[in-house]
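Participant: start_5.pdb is reproduced below (PDB, C-alpha atoms and all ligand atoms).
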```pdb
ATOM      1  CA  MET N  13     -77.187  21.729   9.695  1.00  0.00           C
ATOM      2  CA  ILE N  14     -77.345  17.955   9.426  1.00  0.00           C
ATOM      3  CA  ASP N  15     -73.980  16.326  10.044  1.00  0.00           C
ATOM      4  CA  ALA N  16     -74.981  12.752  10.842  1.00  0.00           C
ATOM      5  CA  VAL N  17     -77.697  10.199  10.322  1.00  0.00           C
ATOM      6  CA  LEU N  18     -78.164   7.571  13.005  1.00  0.00           C
ATOM      7  CA  PHE N  19     -80.228   4.465  12.494  1.00  0.00           C
ATOM      8  CA  ASP N  20     -81.901   1.868  14.626  1.00  0.00           C
ATOM      9  CA  LEU N  21     -80.977  -1.664  13.436  1.00  0.00           C
ATOM     10  CA  ASP N  22     -83.881  -4.145  13.809  1.00  0.00           C
ATOM     11  CA  GLU N  23     -86.809  -3.366  11.473  1.00  0.00           C
ATOM     12  CA  THR N  24     -85.072  -0.208  10.239  1.00  0.00           C
ATOM     13  CA  LEU N  25     -81.932  -1.290   8.360  1.00  0.00           C
ATOM     14  CA  PHE N  26     -82.264  -5.012   9.070  1.00  0.00           C
ATOM     15  CA  ASP N  27     -85.467  -6.541   7.743  1.00  0.00           C
ATOM     16  CA  ARG N  28     -85.765  -8.642  10.876  1.00  0.00           C
ATOM     17  CA  SER N  29     -89.253 -10.071  10.265  1.00  0.00           C
ATOM     18  CA  SER N  30     -88.575 -11.454   6.822  1.00  0.00           C
ATOM     19  CA  SER N  31     -85.077 -12.622   7.812  1.00  0.00           C
ATOM     20  CA  LEU N  32     -86.439 -14.453  10.844  1.00  0.00           C
ATOM     21  CA  ASN N  33     -89.294 -15.849   8.785  1.00  0.00           C
ATOM     22  CA  ALA N  34     -86.781 -17.359   6.330  1.00  0.00           C
ATOM     23  CA  PHE N  35     -84.628 -18.736   9.159  1.00  0.00           C
ATOM     24  CA  VAL N  36     -87.550 -20.327  11.049  1.00  0.00           C
ATOM     25  CA  GLN N  37     -88.896 -21.987   7.901  1.00  0.00           C
ATOM     26  CA  HIS N  38     -85.434 -23.402   7.223  1.00  0.00           C
ATOM     27  CA  GLN N  39     -85.026 -24.466  10.854  1.00  0.00           C
ATOM     28  CA  PHE N  40     -88.366 -26.307  11.084  1.00  0.00           C
ATOM     29  CA  SER N  41     -87.944 -28.085   7.751  1.00  0.00           C
ATOM     30  CA  ASN N  42     -86.510 -31.007   9.767  1.00  0.00           C
ATOM     31  CA  VAL N  43     -88.985 -30.829  12.680  1.00  0.00           C
ATOM     32  CA  ASP N  44     -92.427 -32.493  12.924  1.00  0.00           C
ATOM     33  CA  ILE N  45     -94.772 -29.461  12.837  1.00  0.00           C
ATOM     34  CA  GLY N  46     -97.837 -31.315  14.153  1.00  0.00           C
ATOM     35  CA  ASP N  47    -101.149 -29.692  13.223  1.00  0.00           C
ATOM     36  CA  PHE N  48     -99.572 -26.640  11.594  1.00  0.00           C
ATOM     37  CA  SER N  49    -100.417 -26.764   7.913  1.00  0.00           C
ATOM     38  CA  SER N  50     -97.165 -25.352   6.559  1.00  0.00           C
ATOM     39  CA  LEU N  51     -93.727 -24.024   7.464  1.00  0.00           C
ATOM     40  CA  SER N  52     -94.896 -20.501   6.636  1.00  0.00           C
ATOM     41  CA  GLU N  53     -97.678 -20.883   9.227  1.00  0.00           C
ATOM     42  CA  VAL N  54     -95.080 -21.990  11.812  1.00  0.00           C
ATOM     43  CA  ALA N  55     -92.881 -18.987  10.956  1.00  0.00           C
ATOM     44  CA  ALA N  56     -95.850 -16.594  11.162  1.00  0.00           C
ATOM     45  CA  ARG N  57     -96.737 -17.962  14.607  1.00  0.00           C
ATOM     46  CA  PHE N  58     -93.089 -17.639  15.709  1.00  0.00           C
ATOM     47  CA  LEU N  59     -93.072 -13.959  14.714  1.00  0.00           C
ATOM     48  CA  GLU N  60     -96.383 -13.381  16.483  1.00  0.00           C
ATOM     49  CA  LEU N  61     -95.026 -14.911  19.720  1.00  0.00           C
ATOM     50  CA  ASP N  62     -91.766 -12.962  19.325  1.00  0.00           C
ATOM     51  CA  ARG N  63     -93.641  -9.608  19.442  1.00  0.00           C
ATOM     52  CA  ARG N  64     -91.014  -7.706  17.443  1.00  0.00           C
ATOM     53  CA  GLY N  65     -88.178  -9.067  19.560  1.00  0.00           C
ATOM     54  CA  CYS N  66     -89.740  -8.335  22.950  1.00  0.00           C
ATOM     55  CA  VAL N  67     -90.033 -11.972  24.074  1.00  0.00           C
ATOM     56  CA  SER N  68     -87.116 -14.267  24.962  1.00  0.00           C
ATOM     57  CA  LYS N  69     -86.514 -16.746  22.166  1.00  0.00           C
ATOM     58  CA  LEU N  70     -86.336 -19.608  24.694  1.00  0.00           C
ATOM     59  CA  ASP N  71     -89.925 -18.725  25.693  1.00  0.00           C
ATOM     60  CA  VAL N  72     -90.983 -18.397  22.042  1.00  0.00           C
ATOM     61  CA  TYR N  73     -89.642 -21.878  21.209  1.00  0.00           C
ATOM     62  CA  GLY N  74     -91.197 -23.320  24.383  1.00  0.00           C
ATOM     63  CA  THR N  75     -94.654 -21.937  23.555  1.00  0.00           C
ATOM     64  CA  LEU N  76     -94.457 -22.821  19.871  1.00  0.00           C
ATOM     65  CA  LEU N  77     -93.399 -26.412  20.520  1.00  0.00           C
ATOM     66  CA  GLY N  78     -96.155 -26.687  23.135  1.00  0.00           C
ATOM     67  CA  GLU N  79     -98.667 -25.702  20.439  1.00  0.00           C
ATOM     68  CA  ILE N  80     -97.134 -28.256  18.083  1.00  0.00           C
ATOM     69  CA  GLY N  81     -97.575 -30.858  20.826  1.00  0.00           C
ATOM     70  CA  ASN N  82     -93.906 -31.433  21.514  1.00  0.00           C
ATOM     71  CA  SER N  83     -92.534 -30.140  24.814  1.00  0.00           C
ATOM     72  CA  ASP N  84     -89.166 -31.883  24.594  1.00  0.00           C
ATOM     73  CA  GLU N  85     -86.841 -29.626  26.625  1.00  0.00           C
ATOM     74  CA  ARG N  86     -83.830 -30.874  24.687  1.00  0.00           C
ATOM     75  CA  LEU N  87     -85.388 -29.877  21.364  1.00  0.00           C
ATOM     76  CA  ILE N  88     -86.338 -26.436  22.716  1.00  0.00           C
ATOM     77  CA  LYS N  89     -82.737 -25.878  23.783  1.00  0.00           C
ATOM     78  CA  ASP N  90     -81.343 -27.197  20.474  1.00  0.00           C
ATOM     79  CA  LEU N  91     -83.606 -24.880  18.442  1.00  0.00           C
ATOM     80  CA  PHE N  92     -82.643 -21.937  20.645  1.00  0.00           C
ATOM     81  CA  ASP N  93     -78.925 -22.698  20.284  1.00  0.00           C
ATOM     82  CA  ASP N  94     -79.390 -23.016  16.522  1.00  0.00           C
ATOM     83  CA  TYR N  95     -81.122 -19.608  16.515  1.00  0.00           C
ATOM     84  CA  GLU N  96     -78.254 -17.996  18.399  1.00  0.00           C
ATOM     85  CA  ALA N  97     -75.629 -19.577  16.166  1.00  0.00           C
ATOM     86  CA  ASN N  98     -77.255 -19.413  12.758  1.00  0.00           C
ATOM     87  CA  ALA N  99     -80.143 -16.950  12.449  1.00  0.00           C
ATOM     88  CA  TRP N 100     -77.734 -14.318  11.065  1.00  0.00           C
ATOM     89  CA  ARG N 101     -77.141 -16.497   7.993  1.00  0.00           C
ATOM     90  CA  HIS N 102     -80.592 -15.465   6.763  1.00  0.00           C
ATOM     91  CA  ALA N 103     -80.122 -11.754   7.539  1.00  0.00           C
ATOM     92  CA  ARG N 104     -81.348  -9.435   4.814  1.00  0.00           C
ATOM     93  CA  PRO N 105     -81.505  -5.652   4.701  1.00  0.00           C
ATOM     94  CA  PHE N 106     -84.415  -3.460   3.655  1.00  0.00           C
ATOM     95  CA  GLU N 107     -84.384  -2.572  -0.005  1.00  0.00           C
ATOM     96  CA  GLY N 108     -81.793   0.025  -0.943  1.00  0.00           C
ATOM     97  CA  MET N 109     -79.993  -0.026   2.429  1.00  0.00           C
ATOM     98  CA  SER N 110     -76.402   0.042   1.167  1.00  0.00           C
ATOM     99  CA  ASP N 111     -77.111   2.530  -1.636  1.00  0.00           C
ATOM    100  CA  VAL N 112     -78.897   4.904   0.731  1.00  0.00           C
ATOM    101  CA  ILE N 113     -76.069   4.815   3.291  1.00  0.00           C
ATOM    102  CA  LEU N 114     -73.457   5.336   0.563  1.00  0.00           C
ATOM    103  CA  GLU N 115     -75.436   8.249  -0.860  1.00  0.00           C
ATOM    104  CA  LEU N 116     -75.670   9.870   2.590  1.00  0.00           C
ATOM    105  CA  ARG N 117     -71.940   9.352   3.094  1.00  0.00           C
ATOM    106  CA  ARG N 118     -71.177  10.928  -0.290  1.00  0.00           C
ATOM    107  CA  SER N 119     -73.115  13.996   0.785  1.00  0.00           C
ATOM    108  CA  GLY N 120     -70.844  14.292   3.814  1.00  0.00           C
ATOM    109  CA  LYS N 121     -73.014  12.736   6.508  1.00  0.00           C
ATOM    110  CA  LYS N 122     -71.558  10.522   9.182  1.00  0.00           C
ATOM    111  CA  ILE N 123     -73.453   7.316   9.802  1.00  0.00           C
ATOM    112  CA  GLY N 124     -74.212   5.730  13.166  1.00  0.00           C
ATOM    113  CA  ILE N 125     -76.252   2.797  14.436  1.00  0.00           C
ATOM    114  CA  VAL N 126     -77.868   2.645  17.883  1.00  0.00           C
ATOM    115  CA  SER N 127     -79.451  -0.699  18.679  1.00  0.00           C
ATOM    116  CA  ASN N 128     -81.073  -2.208  21.758  1.00  0.00           C
ATOM    117  CA  GLY N 129     -80.219  -5.840  22.333  1.00  0.00           C
ATOM    118  CA  GLN N 130     -77.626  -8.406  23.214  1.00  0.00           C
ATOM    119  CA  THR N 131     -74.201  -7.693  21.785  1.00  0.00           C
ATOM    120  CA  HIS N 132     -73.543 -11.168  20.333  1.00  0.00           C
ATOM    121  CA  ILE N 133     -76.890 -11.215  18.490  1.00  0.00           C
ATOM    122  CA  GLN N 134     -76.908  -7.621  17.217  1.00  0.00           C
ATOM    123  CA  LEU N 135     -73.281  -7.804  16.157  1.00  0.00           C
ATOM    124  CA  ARG N 136     -73.948 -10.833  13.967  1.00  0.00           C
ATOM    125  CA  SER N 137     -76.810  -9.097  12.136  1.00  0.00           C
ATOM    126  CA  LEU N 138     -74.686  -6.006  11.765  1.00  0.00           C
ATOM    127  CA  LEU N 139     -71.736  -7.909  10.321  1.00  0.00           C
ATOM    128  CA  ALA N 140     -73.972 -10.001   8.045  1.00  0.00           C
ATOM    129  CA  LEU N 141     -75.310  -6.767   6.508  1.00  0.00           C
ATOM    130  CA  ASN N 142     -71.796  -5.300   6.110  1.00  0.00           C
ATOM    131  CA  LEU N 143     -72.782  -2.453   8.432  1.00  0.00           C
ATOM    132  CA  ASP N 144     -69.466  -2.509  10.258  1.00  0.00           C
ATOM    133  CA  ARG N 145     -67.997  -1.110   7.029  1.00  0.00           C
ATOM    134  CA  LEU N 146     -70.883   1.171   6.108  1.00  0.00           C
ATOM    135  CA  ALA N 147     -71.250   2.918   9.478  1.00  0.00           C
ATOM    136  CA  ASP N 148     -68.767   5.165  11.262  1.00  0.00           C
ATOM    137  CA  ALA N 149     -69.912   3.973  14.667  1.00  0.00           C
ATOM    138  CA  TYR N 150     -72.332   1.462  16.152  1.00  0.00           C
ATOM    139  CA  LEU N 151     -73.623   1.243  19.691  1.00  0.00           C
ATOM    140  CA  ILE N 152     -75.359  -1.797  21.167  1.00  0.00           C
ATOM    141  CA  SER N 153     -77.231  -1.317  24.434  1.00  0.00           C
ATOM    142  CA  GLU N 154     -75.792  -4.310  26.305  1.00  0.00           C
ATOM    143  CA  GLN N 155     -72.261  -3.179  25.565  1.00  0.00           C
ATOM    144  CA  GLU N 156     -72.990   0.487  26.292  1.00  0.00           C
ATOM    145  CA  GLY N 157     -74.768  -0.128  29.601  1.00  0.00           C
ATOM    146  CA  CYS N 158     -77.731   2.040  28.603  1.00  0.00           C
ATOM    147  CA  ARG N 159     -80.611   1.565  26.179  1.00  0.00           C
ATOM    148  CA  LYS N 160     -83.108   3.491  24.094  1.00  0.00           C
ATOM    149  CA  PRO N 161     -85.211   5.470  24.892  1.00  0.00           C
ATOM    150  CA  ASP N 162     -82.701   6.771  27.499  1.00  0.00           C
ATOM    151  CA  THR N 163     -81.165  10.024  26.287  1.00  0.00           C
ATOM    152  CA  GLU N 164     -77.731   8.794  27.302  1.00  0.00           C
ATOM    153  CA  ILE N 165     -77.319   6.291  24.482  1.00  0.00           C
ATOM    154  CA  PHE N 166     -78.349   8.844  21.813  1.00  0.00           C
ATOM    155  CA  LEU N 167     -75.877  11.395  23.167  1.00  0.00           C
ATOM    156  CA  LYS N 168     -73.166   8.732  23.269  1.00  0.00           C
ATOM    157  CA  GLY N 169     -73.942   7.994  19.615  1.00  0.00           C
ATOM    158  CA  ALA N 170     -73.552  11.656  18.652  1.00  0.00           C
ATOM    159  CA  MET N 171     -70.357  11.906  20.675  1.00  0.00           C
ATOM    160  CA  ARG N 172     -68.925   8.797  19.013  1.00  0.00           C
ATOM    161  CA  LEU N 173     -69.449  10.570  15.664  1.00  0.00           C
ATOM    162  CA  SER N 174     -68.039  13.881  17.001  1.00  0.00           C
ATOM    163  CA  VAL N 175     -71.252  15.766  16.177  1.00  0.00           C
ATOM    164  CA  THR N 176     -73.829  17.553  18.318  1.00  0.00           C
ATOM    165  CA  ALA N 177     -77.216  15.907  18.821  1.00  0.00           C
ATOM    166  CA  SER N 178     -79.046  18.864  17.280  1.00  0.00           C
ATOM    167  CA  LYS N 179     -77.257  18.149  13.999  1.00  0.00           C
ATOM    168  CA  CYS N 180     -78.296  14.483  13.932  1.00  0.00           C
ATOM    169  CA  VAL N 181     -81.240  12.787  12.271  1.00  0.00           C
ATOM    170  CA  PHE N 182     -82.415   9.574  13.911  1.00  0.00           C
ATOM    171  CA  VAL N 183     -84.277   6.985  11.827  1.00  0.00           C
ATOM    172  CA  GLY N 184     -86.178   4.148  13.495  1.00  0.00           C
ATOM    173  CA  ASP N 185     -89.334   2.032  13.613  1.00  0.00           C
ATOM    174  CA  SER N 186     -90.175   2.170  17.319  1.00  0.00           C
ATOM    175  CA  PRO N 187     -92.231   5.220  18.389  1.00  0.00           C
ATOM    176  CA  GLU N 188     -91.126   4.959  22.019  1.00  0.00           C
ATOM    177  CA  ALA N 189     -87.528   3.730  21.827  1.00  0.00           C
ATOM    178  CA  ASP N 190     -86.455   5.531  18.663  1.00  0.00           C
ATOM    179  CA  ILE N 191     -88.587   8.577  17.924  1.00  0.00           C
ATOM    180  CA  ILE N 192     -89.591   9.770  21.392  1.00  0.00           C
ATOM    181  CA  GLY N 193     -86.120   8.857  22.723  1.00  0.00           C
ATOM    182  CA  ALA N 194     -84.162  10.622  19.973  1.00  0.00           C
ATOM    183  CA  HIS N 195     -86.462  13.662  20.141  1.00  0.00           C
ATOM    184  CA  ALA N 196     -85.766  13.971  23.888  1.00  0.00           C
ATOM    185  CA  ALA N 197     -82.041  13.875  23.099  1.00  0.00           C
ATOM    186  CA  GLY N 198     -82.491  16.846  20.748  1.00  0.00           C
ATOM    187  CA  MET N 199     -82.302  14.978  17.439  1.00  0.00           C
ATOM    188  CA  ARG N 200     -84.510  15.376  14.401  1.00  0.00           C
ATOM    189  CA  THR N 201     -86.488  12.183  13.814  1.00  0.00           C
ATOM    190  CA  VAL N 202     -87.724  10.054  10.911  1.00  0.00           C
ATOM    191  CA  TRP N 203     -90.209   7.278  11.535  1.00  0.00           C
ATOM    192  CA  PHE N 204     -89.984   4.174   9.302  1.00  0.00           C
ATOM    193  CA  PRO N 205     -92.865   2.129  10.781  1.00  0.00           C
ATOM    194  CA  ASN N 206     -92.592  -1.306   9.124  1.00  0.00           C
ATOM    195  CA  GLY N 207     -95.756  -2.448  10.852  1.00  0.00           C
ATOM    196  CA  ALA N 208     -95.248  -0.525  14.114  1.00  0.00           C
ATOM    197  CA  VAL N 209     -98.245   1.472  15.325  1.00  0.00           C
ATOM    198  CA  TRP N 210     -98.033   5.019  16.642  1.00  0.00           C
ATOM    199  CA  PRO N 211     -99.297   5.090  20.271  1.00  0.00           C
ATOM    200  CA  ASP N 212    -102.483   7.018  21.015  1.00  0.00           C
ATOM    201  CA  GLY N 213    -101.879  10.258  22.825  1.00  0.00           C
ATOM    202  CA  ALA N 214     -98.093  10.374  22.333  1.00  0.00           C
ATOM    203  CA  ALA N 215     -96.890  13.891  23.102  1.00  0.00           C
ATOM    204  CA  VAL N 216     -94.222  13.811  20.379  1.00  0.00           C
ATOM    205  CA  ARG N 217     -94.558  13.440  16.617  1.00  0.00           C
ATOM    206  CA  ALA N 218     -91.806  12.371  14.240  1.00  0.00           C
ATOM    207  CA  ASP N 219     -90.408  15.201  12.105  1.00  0.00           C
ATOM    208  CA  GLY N 220     -90.680  13.021   9.024  1.00  0.00           C
ATOM    209  CA  MET N 221     -91.973   9.650   7.929  1.00  0.00           C
ATOM    210  CA  ILE N 222     -90.834   7.277   5.171  1.00  0.00           C
ATOM    211  CA  THR N 223     -92.266   4.054   3.774  1.00  0.00           C
ATOM    212  CA  SER N 224     -88.954   3.005   2.161  1.00  0.00           C
ATOM    213  CA  LEU N 225     -85.342   3.733   3.087  1.00  0.00           C
ATOM    214  CA  MET N 226     -84.919   4.993  -0.450  1.00  0.00           C
ATOM    215  CA  GLU N 227     -87.053   8.054   0.418  1.00  0.00           C
ATOM    216  CA  LEU N 228     -84.581   9.166   3.094  1.00  0.00           C
ATOM    217  CA  PRO N 229     -81.867  11.039   1.100  1.00  0.00           C
ATOM    218  CA  ALA N 230     -84.466  13.251  -0.609  1.00  0.00           C
ATOM    219  CA  LEU N 231     -86.202  14.014   2.698  1.00  0.00           C
ATOM    220  CA  ILE N 232     -82.917  15.069   4.305  1.00  0.00           C
ATOM    221  CA  ALA N 233     -81.885  17.072   1.224  1.00  0.00           C
ATOM    222  CA  GLN N 234     -85.241  18.869   1.384  1.00  0.00           C
ATOM    223  CA  TRP N 235     -84.717  19.764   5.051  1.00  0.00           C
ATOM    224  CA  ILE N 236     -81.283  21.165   4.227  1.00  0.00           C
ATOM    225  CA  ALA N 237     -82.714  23.173   1.282  1.00  0.00           C
ATOM    226  CA  ASP N 238     -85.535  24.525   3.476  1.00  0.00           C
ATOM    227  CA  ALA N 239     -83.015  25.648   6.100  1.00  0.00           C
ATOM    228  CA  ASP N 240     -80.902  27.364   3.411  1.00  0.00           C
ATOM    229  CA  ASP N 241     -84.001  29.210   2.115  1.00  0.00           C
ATOM    230  CA  TRP N 242     -84.800  30.316   5.614  1.00  0.00           C
ATOM    231  CA  LEU N 243     -81.255  31.613   6.170  1.00  0.00           C
ATOM    232  CA  SER N 244     -80.970  33.435   2.832  1.00  0.00           C
TER     233      SER N 244
HETATM  234 MG    MG P 301     -86.230  -1.395  15.646  1.00  0.00          MG
END
```
Show me this structure written as structure tokens.
Facilitator:
Amino acid sequence: MIDAVLFDLDETLFDRSSSLNAFVQHQFSNVDIGDFSSLSEVAARFLELDRRGCVSKLDVYGTLLGEIGNSDERLIKDLFDDYEANAWRHARPFEGMSDVILELRRSGKKIGIVSNGQTHIQLRSLLALNLDRLADAYLISEQEGCRKPDTEIFLKGAMRLSVTASKCVFVGDSPEADIIGAHAAGMRTVWFPNGAVWPDGAAVRADGMITSLMELPALIAQWIADADDWLS
């Protein structure tokens, strides 16, 4: 009854906030940070301006350097280029990521990744976390020409794994893009918030919720056991 588990990438498998925090602190270690009291304060401000990846990094660097008191266009561009080329070097997964995926694979589940974003950026995070080897298929919105929450990209993900959407579980942090989107595509959903907030008045609820990836195999096993009880 559950043939595949599909995951969002950023803030679901990839601990984007802490990875980016580490990268920004490293990056600004050679930059005059003006009135900011520490590199961790600079990194925290960067993440605030980034709004979980919703703001262009060129704009984030422009605003941040403005607040530091340095609006050197060349420096903004250099920091942005450095981000594009090197942020992946600090990529780290959420605790237990590889073990959880391997456990799901051992129990016969196919594994997919469906991520919104630019191909060259998402691919680097994916490769840095070894997910090209751990997953059976990965779909990145820019490359696919459609993006979450559109049903199309979820159905493409299921098709790429040769399973039907109703036999897929989708795990993600974004209520709108991941949970509401996957639900509309007919998938069962697991919300892994990582700081995301559930919107007031949303018509859909996630079927399950976890606070660590390591809770996922047991949740799925329980669903399968419940279905078996119901059938017997
Ligand atoms: Mg995400």
Participant: So the first atom is atom CA of N:Asp62 and the second is atom CA of N:Gly169; what is the distance between them in Å, to one decimal place?
Facilitator: 27.5 Å
Participant: Tell me which of N:Leu87, N:Asp20, N:Ala194, N:Glu156 sits closest to N:Asn42, counting all atoms listed in the file.
Facilitator: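 Using all atoms listed in the file, the shortest distance to N:Asn42 belongs to N:Leu87.
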Participant: If you count all atoms listed in the file, which residues fall within 7 Å of N:Thr24, apart from same-chain ones fewer than 4 positions away, as a ChimeraX atom specification?
Facilitator: /N:20,184-185,204
Participant: Within 12 Å of (-72.5, -7.9, 10.4), all atoms listed in the file: residues as a ChimeraX atom specification?
Facilitator: /N:21,25-26,100-105,131-147,150
Participant: Please provide as a CSV table (one decimal) with C-alpha atoms, in the frame of the given file all residues within 10 Å of N:Ser174, with the sequence filter that same-chain residues fewer than 4 positions apart are discarded (counting all atoms listed in the file).
Facilitator:
```csv
chain,number,residue,atom,x,y,z
N,15,ASP,CA,-74.0,16.3,10.0
N,16,ALA,CA,-75.0,12.8,10.8
N,122,LYS,CA,-71.6,10.5,9.2
N,168,LYS,CA,-73.2,8.7,23.3
N,169,GLY,CA,-73.9,8.0,19.6
N,170,ALA,CA,-73.6,11.7,18.7
```
Participant: To check your reading of the model: which residues sit at most 12 Å from ligand MG 301 (chain P) when counting only C-alpha atoms and all ligand atoms? Write the answer as an mmCIF file with C-alpha atoms, keeping the file's coordinate frame.
Facilitator:
```cif
data_model
loop_
_atom_site.group_PDB
_atom_site.id
_atom_site.type_symbol
_atom_site.label_atom_id
_atom_site.label_comp_id
_atom_site.auth_asym_id
_atom_site.auth_seq_id
_atom_site.Cartn_x
_atom_site.Cartn_y
_atom_site.Cartn_z
ATOM 1 C CA PHE N 19 -80.228 4.465 12.494
ATOM 2 C CA ASP N 20 -81.901 1.868 14.626
ATOM 3 C CA LEU N 21 -80.977 -1.664 13.436
ATOM 4 C CA ASP N 22 -83.881 -4.145 13.809
ATOM 5 C CA GLU N 23 -86.809 -3.366 11.473
ATOM 6 C CA THR N 24 -85.072 -0.208 10.239
ATOM 7 C CA LEU N 25 -81.932 -1.290 8.360
ATOM 8 C CA PHE N 26 -82.264 -5.012 9.070
ATOM 9 C CA ASP N 27 -85.467 -6.541 7.743
ATOM 10 C CA ARG N 28 -85.765 -8.642 10.876
ATOM 11 C CA SER N 29 -89.253 -10.071 10.265
ATOM 12 C CA ARG N 63 -93.641 -9.608 19.442
ATOM 13 C CA ARG N 64 -91.014 -7.706 17.443
ATOM 14 C CA GLY N 65 -88.178 -9.067 19.560
ATOM 15 C CA CYS N 66 -89.740 -8.335 22.950
ATOM 16 C CA ILE N 125 -76.252 2.797 14.436
ATOM 17 C CA VAL N 126 -77.868 2.645 17.883
ATOM 18 C CA SER N 127 -79.451 -0.699 18.679
ATOM 19 C CA ASN N 128 -81.073 -2.208 21.758
ATOM 20 C CA GLY N 129 -80.219 -5.840 22.333
ATOM 21 C CA GLN N 134 -76.908 -7.621 17.217
ATOM 22 C CA LYS N 160 -83.108 3.491 24.094
ATOM 23 C CA PRO N 161 -85.211 5.470 24.892
ATOM 24 C CA PHE N 182 -82.415 9.574 13.911
ATOM 25 C CA VAL N 183 -84.277 6.985 11.827
ATOM 26 C CA GLY N 184 -86.178 4.148 13.495
ATOM 27 C CA ASP N 185 -89.334 2.032 13.613
ATOM 28 C CA SER N 186 -90.175 2.170 17.319
ATOM 29 C CA PRO N 187 -92.231 5.220 18.389
ATOM 30 C CA GLU N 188 -91.126 4.959 22.019
ATOM 31 C CA ALA N 189 -87.528 3.730 21.827
ATOM 32 C CA ASP N 190 -86.455 5.531 18.663
ATOM 33 C CA ILE N 191 -88.587 8.577 17.924
ATOM 34 C CA TRP N 203 -90.209 7.278 11.535
ATOM 35 C CA PHE N 204 -89.984 4.174 9.302
ATOM 36 C CA PRO N 205 -92.865 2.129 10.781
ATOM 37 C CA ASN N 206 -92.592 -1.306 9.124
ATOM 38 C CA GLY N 207 -95.756 -2.448 10.852
ATOM 39 C CA ALA N 208 -95.248 -0.525 14.114
#
```
Participant: Got a sec: who's within 8 Å of N:Asp219, counting only C-alpha atoms, leaving out chain neighbours fewer than 4 positions off, as a PyMOL selection string?
Facilitator: chain N and resi 200-203
Participant: Could you tell me how far atom CA of N:Ala233 lies from atom CA of N:Gly193, in Å and to one decimal?
Facilitator: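 Atom-to-atom, atom CA of N:Ala233 to atom CA of N:Gly193, that is 23.4 Å.
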Participant: What does the structure give for the distance between atom CA of N:Leu114 and atom CA of N:Ile222, in Å to one decimal?
Facilitator: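 Those two atoms sit 18.1 Å apart.
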Participant: Taking all atoms listed in the file into account, name the residue in N:Asp238, N:Asp90, N:Glu107, N:Asp148 that is nearest to N:Ser30.
Facilitator: N:Glu107
Participant: Residues at most 10 Å from N:Asp44, counting all atoms listed in the file, excluding those fewer than 6 positions away in the same chain, as an MDAnalysis selection string?
Facilitator: chainID N and resid 77 80:82
Participant: I need the residue nearest N:Phe35 from this list: N:Leu76, N:Glu53, N:Val17, N:Ala99. Use only C-alpha atoms for the distance.
Facilitator: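 Counting only C-alpha atoms, the residue closest to N:Phe35 is N:Ala99.
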Participant: Nearest to N:Ile165 among N:Ala149, N:Lys179, N:Ser49, N:Ala197, with distances taken over only C-alpha atoms: which residue is it?
Facilitator: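 Of N:Ala149, N:Lys179, N:Ser49, N:Ala197, the one nearest N:Ile165, counting only C-alpha atoms, is N:Ala197.
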Participant: Taking the file above as input, evaluate the PyMOL selection byres (((chain N and resi 68) around 12) and not hetatm) and report the hits as a list in words.
Facilitator: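 Evaluating the PyMOL selection byres (((chain N and resi 68) around 12) and not hetatm) on these coordinates yields Phe58, Leu59, Leu61, Asp62, Arg63, Arg64, Gly65, Cys66, Val67, Lys69, Leu70, Asp71, Val72, Tyr73, Gly74, Thr75, Phe92, Tyr95, Glu96, Gly129 and Gln130 of chain N.
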Participant: Those same residues - C-alpha atoms - I'd like them written as a PDB file, in the frame of the given file.
Facilitator:
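Just written: selection_18.pdb:
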```
ATOM      1  CA  PHE N  58     -93.089 -17.639  15.709  1.00  0.00           C
ATOM      2  CA  LEU N  59     -93.072 -13.959  14.714  1.00  0.00           C
ATOM      3  CA  LEU N  61     -95.026 -14.911  19.720  1.00  0.00           C
ATOM      4  CA  ASP N  62     -91.766 -12.962  19.325  1.00  0.00           C
ATOM      5  CA  ARG N  63     -93.641  -9.608  19.442  1.00  0.00           C
ATOM      6  CA  ARG N  64     -91.014  -7.706  17.443  1.00  0.00           C
ATOM      7  CA  GLY N  65     -88.178  -9.067  19.560  1.00  0.00           C
ATOM      8  CA  CYS N  66     -89.740  -8.335  22.950  1.00  0.00           C
ATOM      9  CA  VAL N  67     -90.033 -11.972  24.074  1.00  0.00           C
ATOM     10  CA  LYS N  69     -86.514 -16.746  22.166  1.00  0.00           C
ATOM     11  CA  LEU N  70     -86.336 -19.608  24.694  1.00  0.00           C
ATOM     12  CA  ASP N  71     -89.925 -18.725  25.693  1.00  0.00           C
ATOM     13  CA  VAL N  72     -90.983 -18.397  22.042  1.00  0.00           C
ATOM     14  CA  TYR N  73     -89.642 -21.878  21.209  1.00  0.00           C
ATOM     15  CA  GLY N  74     -91.197 -23.320  24.383  1.00  0.00           C
ATOM     16  CA  THR N  75     -94.654 -21.937  23.555  1.00  0.00           C
ATOM     17  CA  PHE N  92     -82.643 -21.937  20.645  1.00  0.00           C
ATOM     18  CA  TYR N  95     -81.122 -19.608  16.515  1.00  0.00           C
ATOM     19  CA  GLU N  96     -78.254 -17.996  18.399  1.00  0.00           C
ATOM     20  CA  GLY N 129     -80.219  -5.840  22.333  1.00  0.00           C
ATOM     21  CA  GLN N 130     -77.626  -8.406  23.214  1.00  0.00           C
TER      22      GLN N 130
END
```
Participant: Please identify all polymer residues within 12 Å of N:Ile236, counting all atoms listed in the file, omitting same-chain residues fewer than 6 positions from it, and present them as a ChimeraX atom specification.
Facilitator: /N:13-15,119,179,181,229-230,242-243
Participant: With all atoms listed in the file as the basis for distance, which of N:Ala218, N:Ala239, N:Val209, N:Leu228 is at the shortest distance from N:Gly108?
Facilitator: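 Between N:Ala218, N:Ala239, N:Val209, N:Leu228, the residue approaching N:Gly108 most closely is N:Leu228.
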Participant: Put the listed atoms of stretch 110-118 of chain N in a box along x, y and z with 5 Å added on every side and give me the centre and edge lengths in Å to one decimal, as lines of an AutoDock Vina configuration file.
Facilitator:
```
center_x = -75.0
center_y = 5.5
center_z = 0.8
size_x = 17.7
size_y = 20.9
size_z = 14.9
```
